[in-house]
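Notes for the one structure printed next.
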Amino acid sequence: MENTTSDRIYYTSFKLFLENGYEATNIRDICNEVGVKAATIYFYYKSKQDLFFYIYDEICSDYINYLRGIEELDNDISIKERLYLLLKKKIEYYITDMSRRKFIQRCHIFPPEEISSAMREKYKFYVNEENKITLEIIGNPQLENNCINEYINSYLLKCKKLENHLVYEMMTYNTKISDEAVIKLWDIYFGLM
């Protein structure tokens, strides 16, 4: 991380939005922590909302770019096994900086009322991007057969729910989930569903 004024504004804002939420964070708080005047922040960002969405978009874009960097998985293994390998790669990504995932989770669980509509649209956009990339990674198995498509969509949904559960566990207990635990939970989860 560089130590430019814009970097300090970004990281301080990120920290305050994460700890206090959007509504409880104001430009004055950010200025006090960074040691700048409000005009400096407004030089880089039009508003608090612009700053918040810049952080949100940067985090989501980084995740999408990470997913794009994952090569297509071997078509010789089942879709379930490909999704499992993809899940492990996603967990590896989240572990590198859990605070970024916490920021996103907080935005989705407690969306700031004044920007909730824009937040929902951004969320839909990034989920759609993630789904498209996921299908590419697992070999784009969407076919004309509706039964097969329902099967694939069912697996995608199950995998996402398990991913969300694992991330929640890691955030709640501030710990990394072992590969053995992921395997056990995977088997249990897919056995129950």
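We name chains A, B, ... following the order of the structure tokens; residues begin at 1 in each chain, and ligands are numbered from 1 as shown.
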- Task: Mind listing the alpha helix (DSSP H) residues of chain A, per DSSP on the backbone, as number ranges by chain?
- Result: A: 5-20, 27-34, 38-44, 48-68, 79-96, 98-109, 116-137, 146-173, 179-192
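Using only C-alpha atoms, the residues found no farther than 8 Å from A:Leu18, other than those of its own chain fewer than 6 positions away, are Ser99, Lys102, Phe103 and Arg106 of chain A.
With only C-alpha atoms as the atoms that count, the minimum distance from A:Thr40 to the choices A:Ser13, A:Ser6, A:Ser154, A:Asn20 is reached by A:Ser6.
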- Message: Can you tell me which residues surround A:Cys60 at a distance of at most 10 Å, considering only C-alpha atoms, apart from same-chain residues fewer than 6 positions away, and format the answer as a PyMOL selection string?
- Response: chain A and resi 54+66+100-101+104+122-123+126-127+130
Quick one: write out the picked residues with N, CA, C and O atoms as an mmCIF file, in the first residue's frame?
data_model
loop_
_atom_site.group_PDB
_atom_site.id
_atom_site.type_symbol
_atom_site.label_atom_id
_atom_site.label_comp_id
_atom_site.auth_asym_id
_atom_site.auth_seq_id
_atom_site.Cartn_x
_atom_site.Cartn_y
_atom_site.Cartn_z
ATOM 1 N N TYR A 54 -17.144 3.649 -4.404
ATOM 2 C CA TYR A 54 -15.812 3.403 -4.955
ATOM 3 C C TYR A 54 -15.169 2.214 -4.224
ATOM 4 O O TYR A 54 -14.614 1.309 -4.852
ATOM 5 N N TYR A 66 -10.333 -11.871 -9.700
ATOM 6 C CA TYR A 66 -9.753 -13.110 -9.166
ATOM 7 C C TYR A 66 -10.433 -14.316 -9.810
ATOM 8 O O TYR A 66 -9.769 -15.251 -10.256
ATOM 9 N N ARG A 100 -12.343 -7.400 3.870
ATOM 10 C CA ARG A 100 -13.024 -6.983 2.636
ATOM 11 C C ARG A 100 -14.353 -7.731 2.484
ATOM 12 O O ARG A 100 -15.361 -7.152 2.104
ATOM 13 N N ARG A 101 -14.355 -9.013 2.802
ATOM 14 C CA ARG A 101 -15.588 -9.798 2.725
ATOM 15 C C ARG A 101 -16.576 -9.323 3.787
ATOM 16 O O ARG A 101 -17.785 -9.260 3.551
ATOM 17 N N ILE A 104 -18.379 -6.252 2.519
ATOM 18 C CA ILE A 104 -19.427 -6.597 1.563
ATOM 19 C C ILE A 104 -20.623 -7.219 2.283
ATOM 20 O O ILE A 104 -21.774 -6.859 2.009
ATOM 21 N N LYS A 122 -26.229 -2.823 -7.815
ATOM 22 C CA LYS A 122 -24.818 -3.220 -7.874
ATOM 23 C C LYS A 122 -24.668 -4.695 -7.483
ATOM 24 O O LYS A 122 -23.925 -5.433 -8.123
ATOM 25 N N TYR A 123 -25.375 -5.101 -6.457
ATOM 26 C CA TYR A 123 -25.322 -6.491 -6.013
ATOM 27 C C TYR A 123 -25.768 -7.424 -7.139
ATOM 28 O O TYR A 123 -25.104 -8.418 -7.434
ATOM 29 N N TYR A 126 -23.022 -7.695 -9.832
ATOM 30 C CA TYR A 126 -21.860 -8.512 -9.463
ATOM 31 C C TYR A 126 -22.219 -9.993 -9.326
ATOM 32 O O TYR A 126 -21.418 -10.857 -9.678
ATOM 33 N N VAL A 127 -23.409 -10.303 -8.839
ATOM 34 C CA VAL A 127 -23.839 -11.703 -8.747
ATOM 35 C C VAL A 127 -23.970 -12.291 -10.152
ATOM 36 O O VAL A 127 -23.539 -13.420 -10.403
ATOM 37 N N GLU A 130 -20.510 -12.952 -11.413
ATOM 38 C CA GLU A 130 -19.961 -14.138 -10.746
ATOM 39 C C GLU A 130 -20.557 -15.414 -11.331
ATOM 40 O O GLU A 130 -19.833 -16.391 -11.578
#
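Separating atom CA of A:Leu16 from atom CA of A:Ser116 is a distance of 18.7 Å.
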- Spatial neighbours of A:Ile95, max dist 12 Å, only C-alpha atoms, sep filter under 4 positions, as a list in words: Lys88, Lys89, Lys90, Ile91, Ser99, Arg100, Arg101, Lys102, Leu166, Val167, Tyr168, Glu169, Met170, Met171, Asn174, Thr175, Lys176, Ile177 and Ser178 of chain A
